[in-house]
Amino acid sequence: MFYRETGQYKTSYRADAAIFPILQDRIGIVVILLIAFIAVPLIGGPFFLNVVATPFLIFALAAIGLNLLTGYTGLLSLGTGGFMGVGAYACYKLTTYFPGVDLIVWLLASGLFSAGLGALFGLPSLRIKGFYLLVATLAAQFFLQWCFERVPWLYNNNISGTIEVPERTLFGLPITGPTATPTTRYELTLAIVVVLTIAASNLVHGRIGRSWMAVRDMDIAAELIGIPLLRTKLLAFAVSSYVCGVAGAMMVFLWYGSAEPSVFSIDLSFLVLFMVIIGGLGSLLGSFLGAALIHILPILIRAAPLAIGLALPSDVVEHLNLMIVGALIILFLIAEPFGLARLWQTGKQKLRTWPFPY
Amino acid sequence: MSLKWTSIAAAAAILLGFAAPAMADDSIYVPLFSYRTGPYSGSGIPIANGMLDYLTMLNERDGGVGGVRLATEECETGYDTKKGIECYESVKNKGPVIICPWSTGISLALIPRAAVDKIPILSMAYGLSASALGETFPWVFNPPDTYWDGYSTILKQIAGREGGFDKLKGKTIGFIYLDAPYGKEPIPLAQQLAEKYGYTLKLYPVAGAEMQNQSTQWLNVRRDKPNYMIMWGWGAMQPTAVKEAIKTEYPIANFYSIWWMGDDAVQGSGAASKGMKNLNWHAVGADFPALQDIKKYVIDKGKSQTPKDQFGIELYDRGVYNSVMIAEAIHNAQKLTGHKVVTGADVRRGMEVLNLSTQRWKEIGFDGFANALTLSCADHNGHGTLFVQEWDGTNWVKASGQVSPMTDVIQPMLEAAAKEYVEKNAGWPKRSEGCDHMS
C-alpha cells in the first residue's frame, strides 16, 4: 500500500538505471543513515557502541570486501584473515614510522598494501578456479599469518609479539587508545564504512562490476566478448583485498586496541566467508545482513538469559550459543539458499503488491 | 516480516539493557573472566571453579568481605581476545572492583584501559612482565612472580643438577612454547641467559591451531637432543607435549614446565609421565581449613560446579589463590578507606598494600599453603620464591626447596621493558596515584 511505485515515472535512462529507482527506498536509505549517524550514538550505551555497533560495521566492511571477490567475480578465497592482517600491520608500521600523519590517511593507505599482496596471491586465479583456488588462497592465509608471527620487524620487535595501538587524534579528539570515546570510534568507523560502501556500490554497478559478473557467470564467454581475464580477476583481487585491509586496520585500531597474530587466523577468514554466504553472494546489503547475523546474534543470545533473569552458568550459555547459531545458520540456508539478501528481495516483492497480491 | 520486528525488538532490548548499570549498592561486584569452553578449557575449568568457590565460601561463611557480600558473575572468554574485550565492555559499567583477564592476550588489550576506567587488573603470574613495576603501571598487578622469574628459577634448578652455572656451557636447553604473547614472553630472558652462561637455546614454537599436533617439534627435539626441555604450554598443548615427549623417548625427568601445567596434562600418560617437573608457588591438595570450609559451605551444599575429583587439584588451588588475593585487596581497601562498599580505585590501593605474611595466611585458614607475599607501590609482583614439584604418577610432590628467582638479572630487564613500553605508547600517563602504607 505504502511501498508502491505507481506514479513514479522515469523520464531518463539515468533515472531508470539508478541504484534505488523507487522513492521509498531512497527515503529509507536516508532514514537509515540518519539513524546510524545520529540516533545510534545518542541512544546506544558504550557497550552497544563498542561491542555491537562498531565491530558489526567493521565485519560488514570485511564482508563487502570478500563479496566483491567471491560474490561478484566468483573467485573463492580463504585469505581474508591474512589480507585483513596485512592492512592492520601496514597501518601499525606506517603510523609508528610517521606519527605526524593523520591516522585516517594511514587507515585508508594500509589497504593499498593488502591490495598489492592480494593481486600477487590472485595470480593463480587465472589458471585455477573453485576449490583449487580456495587452496591457493589458503596458502596465502597461512603464509601471511606466519609472517605476522615470525617477522619481528612487523611488530617492532615487541617482546610479546603483539601490535599495540598508540594514541592518535583527529581534530584534537583521540580516536584510538583508551581515551577515545566509543562515540568517536563509532562515528569514524561508520563514516569510513559508508564511503567505502558507496565506492563499492559504484564499482559493481558500473563497467567494472559488469565485467566481474561476466567473468563469474562464464569466464570463457566473458573472454570472447573482449573482457581481459587477467586484468579483471586481478583487479577483483586487488579491490577486494583493499577493502579487507582497511577493515583489518580498523579492527585493530578502532576496536581491539592491540592484536596478536592469532587474531588474523583462518577462523577470521571462515567467519567472513560465512557472513558473505549467509548474507547473500553478490549483494552489498547481504554483507551487512550477514555480518549482523553472525556478529550480533551471539551477543544477543549471551545476553538473553540475563535479561529474563535466568542465571545460567557461563559455559552453558556459550554452548547454547554455539548450538543456536549453528542451527539458525542451517535453517536460514534451507529456507533461502541464496542468503538473507534474497529473503529481503522476496519480502520486498511481496510488500509491493500488499495488500492485494496477484 | 516478523523476523524484522523480532530483530528490531531485540536490538532495542540490548540498547536499553546495557545503557544503565544495574548493580546493588550493598554488594561488591567481582566479575570473573573464565573459559569453560574451547581448547583451553582443560586448564580453565578448575581455575574458574577455584576462583568462584572461594568467593562463594566467603559469602556463605562470613557474609562476604567485611560484612559486604561479593556479587560474583562469570563471563566466558574462551581464552579469546575478542570475547575477552566483549566481557570487559559488558562488566565495565557495573562497577567492577578488579579484573582478572586470565589470558596474556586479553591482559595486553586491557592494560591501557585500566588507568582510564579506574579498574585495576590482576594478572596473577601471567601477562606483561614489565607490569611488575608499579611506578609505570600503577593499575596492573602480576604477583607473585613474572614469567622471567619462572624461567630463571628453572635454569637455577638445572644448574643445580649439573653442579653449577659454569657447567651449563655447551649444554643445549630446548624451549617449547605456545606461539602466543604468553609463550613468547620469556624468550628475551632466555636468549640473554644463554649468552651469559654459554648454553645453546633451541626454540620450538607450537601454533595455537596445531597444538594437538606437535610431531614436527618433537622430531626436531629428537634431532637436536637438548639436555633439558622447558615448556610454556597451555590447555591441550600440555598433554600433547607430554605424550610426544614419551613417544620420542625424551627423558621426562629433564622436562620442566612453567607453573601452568595441570593434572590433566600428565594424567593421560599414566606411569610414563612420572618425573615430569613443574614450577609452583603454593601447595596442592585440600588439607587446609579454608579449603575444608569450601567443601563444607559450598561443595557439599551443591552450590558449586566442581566435580568431586577436581576439588583440591593444582589448578583449582591456583584459582583459590587468585581469589584470596582479590578478597585480601578488598579487605585492605575497606581498612584504608573506612568504607564498606569499595570501588576499583580503592581496591587498587588495597592491592598495593597487600601483605600476605605467614601469619596472615594462617589467620585466613591457609597455614603453610603458600609463601609470604608483600606488594608495594613500586613492586607490583613480589618476585617470591618458587619450588619444583614432580609428578609421582598420582600427585604432584614437592621436589625442591624454595628457590628465589634471579632478581639481579630480571630487574634491569623489567625496567628496560617498561621504558620501551612507555616509548611505544606515546602519551602513557605518569603515575599520579598516591602511595599508601599500612601497618
# chains A, B, ... in the order shown; residues from 1 in each chain; ligands from 1

call {"tool": "residues_around", "arguments": {"residues": "stretch 282-292 of chain B", "least_positions_apart": "6", "cutoff": "8 Å", "atoms": "only C-alpha atoms", "output": "PyMOL selection string"}}
result
chain B and resi 54+311-314+317-318+364-371+396

call {"tool": "closest_atom_pairs", "arguments": {"of": "chain A", "to": "chain B", "cutoff": "8 Å", "atoms": "only C-alpha atoms", "output": "tab-separated table"}}
result
residue	atom	partner	partner_atom	distance
A:Ile43	CA	B:Leu15	CA	7.1
A:Gly44	CA	B:Leu15	CA	5.3
A:Gly45	CA	B:Ala19	CA	4.5
A:Pro46	CA	B:Ala19	CA	7.4
A:Phe47	CA	B:Glu89	CA	5.5
A:Phe48	CA	B:Leu15	CA	6.3
A:Asn50	CA	B:Glu89	CA	7.3
A:Val51	CA	B:Glu86	CA	5.8
A:Glu149	CA	B:Asp179	CA	7.8
A:Ile159	CA	B:Glu185	CA	6.1
A:Ser160	CA	B:Pro181	CA	4.4
A:Gly161	CA	B:Pro181	CA	5.8
A:Thr162	CA	B:Pro181	CA	6.7
A:Glu164	CA	B:Asn425	CA	7.7
A:Val165	CA	B:Asn425	CA	7.4
A:Pro166	CA	B:Asn425	CA	4.9
A:Glu167	CA	B:Ala426	CA	6.6
A:Gly177	CA	B:Pro112	CA	7.3
A:Pro178	CA	B:Arg113	CA	4.9
A:Thr179	CA	B:Val116	CA	6.7
A:Tyr256	CA	B:Ala109	CA	7.0
A:Gly257	CA	B:Ala109	CA	6.1
A:Ser258	CA	B:Ala109	CA	5.4
A:Ala259	CA	B:Ala109	CA	7.6
A:Glu260	CA	B:Gly105	CA	7.0
A:Pro261	CA	B:Ala180	CA	7.7
A:Ser262	CA	B:Ala180	CA	7.5
A:Val263	CA	B:Thr81	CA	7.9
A:Leu300	CA	B:Ile14	CA	7.3
A:Ala303	CA	B:Ile14	CA	7.8
A:Ala307	CA	B:Gly17	CA	7.4
A:Pro313	CA	B:Glu74	CA	7.7
A:Ser314	CA	B:Glu76	CA	5.6
A:Asp315	CA	B:Arg36	CA	5.4
A:Glu318	CA	B:Glu76	CA	7.2
A:His319	CA	B:Thr37	CA	7.7
A:Gly347	CA	B:Met1	CA	7.3

call {"tool": "write_last_selection", "arguments": {"atoms": "N, CA and C atoms", "output": "tab-separated table (two decimals), in the first residue's frame"}}
result
chain	number	residue	atom	x	y	z
A	43	ILE	N	21.42	7.06	21.57
A	43	ILE	CA	20.69	6.10	22.41
A	43	ILE	C	21.60	5.02	22.95
A	44	GLY	N	22.50	4.51	22.08
A	44	GLY	CA	23.30	3.36	22.47
A	44	GLY	C	24.30	3.69	23.55
A	45	GLY	N	24.41	2.81	24.51
A	45	GLY	CA	25.41	2.97	25.57
A	45	GLY	C	26.79	2.58	25.05
A	46	PRO	N	27.82	2.74	25.88
A	46	PRO	CA	29.17	2.38	25.46
A	46	PRO	C	29.30	0.91	25.08
A	47	PHE	N	28.57	0.04	25.80
A	47	PHE	CA	28.65	-1.37	25.46
A	47	PHE	C	28.12	-1.61	24.06
A	48	PHE	N	26.97	-1.00	23.77
A	48	PHE	CA	26.36	-1.18	22.45
A	48	PHE	C	27.30	-0.68	21.35
A	50	ASN	N	30.65	-0.08	21.48
A	50	ASN	CA	31.96	-0.73	21.42
A	50	ASN	C	31.88	-2.19	21.02
A	51	VAL	N	30.86	-2.87	21.46
A	51	VAL	CA	30.82	-4.32	21.27
A	51	VAL	C	29.89	-4.74	20.14
A	149	GLU	N	53.71	-13.76	12.75
A	149	GLU	CA	54.28	-14.38	13.94
A	149	GLU	C	55.79	-14.32	13.94
A	159	ILE	N	58.22	-7.51	22.67
A	159	ILE	CA	58.52	-8.77	23.37
A	159	ILE	C	57.37	-9.76	23.24
A	160	SER	N	56.16	-9.25	23.43
A	160	SER	CA	55.03	-10.16	23.42
A	160	SER	C	54.57	-10.52	22.00
A	161	GLY	N	55.19	-9.93	20.99
A	161	GLY	CA	54.82	-10.27	19.62
A	161	GLY	C	53.48	-9.70	19.19
A	162	THR	N	52.98	-8.71	19.92
A	162	THR	CA	51.70	-8.13	19.54
A	162	THR	C	51.92	-6.73	19.00
A	164	GLU	N	50.57	-2.97	19.42
A	164	GLU	CA	49.80	-2.17	20.37
A	164	GLU	C	49.54	-0.81	19.76
A	165	VAL	N	48.29	-0.41	19.81
A	165	VAL	CA	47.90	0.80	19.11
A	165	VAL	C	48.25	2.03	19.94
A	166	PRO	N	49.07	2.92	19.41
A	166	PRO	CA	49.37	4.15	20.14
A	166	PRO	C	48.20	5.12	20.03
A	167	GLU	N	48.24	6.14	20.87
A	167	GLU	CA	47.13	7.10	20.85
A	167	GLU	C	47.27	8.04	19.66
A	177	GLY	N	43.28	4.32	21.19
A	177	GLY	CA	43.78	4.29	22.56
A	177	GLY	C	42.62	4.33	23.55
A	178	PRO	N	42.94	4.20	24.84
A	178	PRO	CA	41.88	4.06	25.84
A	178	PRO	C	41.06	5.32	26.05
A	179	THR	N	41.60	6.50	25.67
A	179	THR	CA	40.85	7.71	25.96
A	179	THR	C	39.84	8.06	24.87
A	256	TYR	N	39.94	-3.39	18.71
A	256	TYR	CA	40.72	-4.17	19.68
A	256	TYR	C	41.67	-3.32	20.52
A	257	GLY	N	42.40	-2.44	19.90
A	257	GLY	CA	43.41	-1.67	20.61
A	257	GLY	C	44.76	-2.36	20.65
A	258	SER	N	44.80	-3.66	20.47
A	258	SER	CA	46.06	-4.38	20.33
A	258	SER	C	45.71	-5.72	19.70
A	259	ALA	N	46.68	-6.32	19.03
A	259	ALA	CA	46.35	-7.57	18.36
A	259	ALA	C	47.54	-8.51	18.35
A	260	GLU	N	47.25	-9.76	18.59
A	260	GLU	CA	48.25	-10.81	18.44
A	260	GLU	C	47.99	-11.47	17.09
A	261	PRO	N	48.99	-12.18	16.54
A	261	PRO	CA	48.81	-12.75	15.19
A	261	PRO	C	47.60	-13.66	15.09
A	262	SER	N	47.24	-14.33	16.19
A	262	SER	CA	46.16	-15.30	16.09
A	262	SER	C	44.81	-14.63	15.82
A	263	VAL	N	44.75	-13.29	15.98
A	263	VAL	CA	43.51	-12.59	15.63
A	263	VAL	C	43.20	-12.78	14.15
A	300	LEU	N	23.38	-11.30	21.43
A	300	LEU	CA	22.01	-11.31	21.91
A	300	LEU	C	21.73	-12.57	22.72
A	303	ALA	N	23.21	-12.44	26.03
A	303	ALA	CA	22.57	-11.50	26.95
A	303	ALA	C	21.18	-11.96	27.34
A	307	ALA	N	18.79	-11.17	30.71
A	307	ALA	CA	17.72	-10.21	30.54
A	307	ALA	C	16.41	-10.73	31.12
A	313	PRO	N	24.94	-21.00	34.09
A	313	PRO	CA	26.40	-20.95	34.11
A	313	PRO	C	26.93	-20.48	32.75
A	314	SER	N	28.08	-19.78	32.82
A	314	SER	CA	28.57	-19.14	31.59
A	314	SER	C	28.90	-20.16	30.50
A	315	ASP	N	29.34	-21.35	30.89
A	315	ASP	CA	29.68	-22.30	29.84
A	315	ASP	C	28.45	-22.87	29.16
A	318	GLU	N	27.41	-20.43	26.62
A	318	GLU	CA	28.29	-20.48	25.46
A	318	GLU	C	27.96	-21.68	24.57
A	319	HIS	N	27.71	-22.81	25.19
A	319	HIS	CA	27.36	-23.99	24.40
A	319	HIS	C	26.01	-23.81	23.71
A	347	GLY	N	10.75	-10.49	0.23
A	347	GLY	CA	9.88	-9.70	1.09
A	347	GLY	C	9.48	-8.41	0.43

call {"tool": "closest_residue", "arguments": {"among": "B:Trp218, B:Tyr147, B:Phe387, B:Phe255", "to": "B:Ser404", "atoms": "only C-alpha atoms"}}
result
B:Phe387

call {"tool": "closest_residue", "arguments": {"among": "A:Ala90, A:Asn157, A:Val252, A:Ser211", "to": "A:Ile225", "atoms": "only C-alpha atoms"}}
result
A:Ser211

call {"tool": "residues_around", "arguments": {"residues": "A:Gly85", "least_positions_apart": "4", "cutoff": "7 Å", "atoms": "only C-alpha atoms", "output": "PyMOL selection string"}}
result
chain A and resi 81+89+245+248+264

call {"tool": "write_last_selection", "arguments": {"atoms": "N, CA and C atoms", "output": "mmCIF file, in the first residue's frame"}}
result
data_model
loop_
_atom_site.group_PDB
_atom_site.id
_atom_site.type_symbol
_atom_site.label_atom_id
_atom_site.label_comp_id
_atom_site.auth_asym_id
_atom_site.auth_seq_id
_atom_site.Cartn_x
_atom_site.Cartn_y
_atom_site.Cartn_z
ATOM 1 N N GLY A 81 41.378 -13.364 6.287
ATOM 2 C CA GLY A 81 42.027 -13.065 7.565
ATOM 3 C C GLY A 81 43.427 -12.511 7.344
ATOM 4 N N TYR A 89 48.742 -4.593 10.067
ATOM 5 C CA TYR A 89 50.176 -4.456 10.318
ATOM 6 C C TYR A 89 50.754 -3.288 9.522
ATOM 7 N N GLY A 245 41.664 -5.061 3.775
ATOM 8 C CA GLY A 245 42.796 -4.490 4.501
ATOM 9 C C GLY A 245 42.373 -3.318 5.359
ATOM 10 N N GLY A 248 40.611 -4.611 8.283
ATOM 11 C CA GLY A 248 41.538 -5.179 9.263
ATOM 12 C C GLY A 248 42.207 -4.097 10.082
ATOM 13 N N PHE A 264 44.267 -12.825 13.332
ATOM 14 C CA PHE A 264 44.067 -12.918 11.879
ATOM 15 C C PHE A 264 44.225 -14.354 11.396
#

call {"tool": "select_by_dssp", "arguments": {"residues": "stretch 152-222 of chain A", "states": "strand (DSSP E or B)", "output": "PyMOL selection string"}}
result
chain A and resi 163-164+169-170+173-174

call {"tool": "residues_around", "arguments": {"residues": "stretch 297-299 of chain A", "least_positions_apart": "4", "cutoff": "7 Å", "atoms": "only C-alpha atoms", "output": "PyMOL selection string"}}
result
chain A and resi 293+303+321+325

call {"tool": "write_last_selection", "arguments": {"atoms": "C-alpha atoms", "output": "compact mmCIF listing (two decimals), in the first residue's frame"}}
result
# COMPACT_ATOMS: atom_id res chain seq x y z
CA LEU A 293 23.53 -12.28 11.91
CA ALA A 303 22.57 -11.50 26.95
CA ASN A 321 25.03 -20.10 21.81
CA VAL A 325 23.67 -20.02 16.00

call {"tool": "select_by_dssp", "arguments": {"residues": "stretch 11-255 of chain B", "states": "helix (DSSP H, G or I)", "output": "ChimeraX atom specification"}}
result
/B:11-17,41-62,81-92,104-117,129-132,147-162,165-168,181-184,187-197,208-210,215-224,237-247,252-254
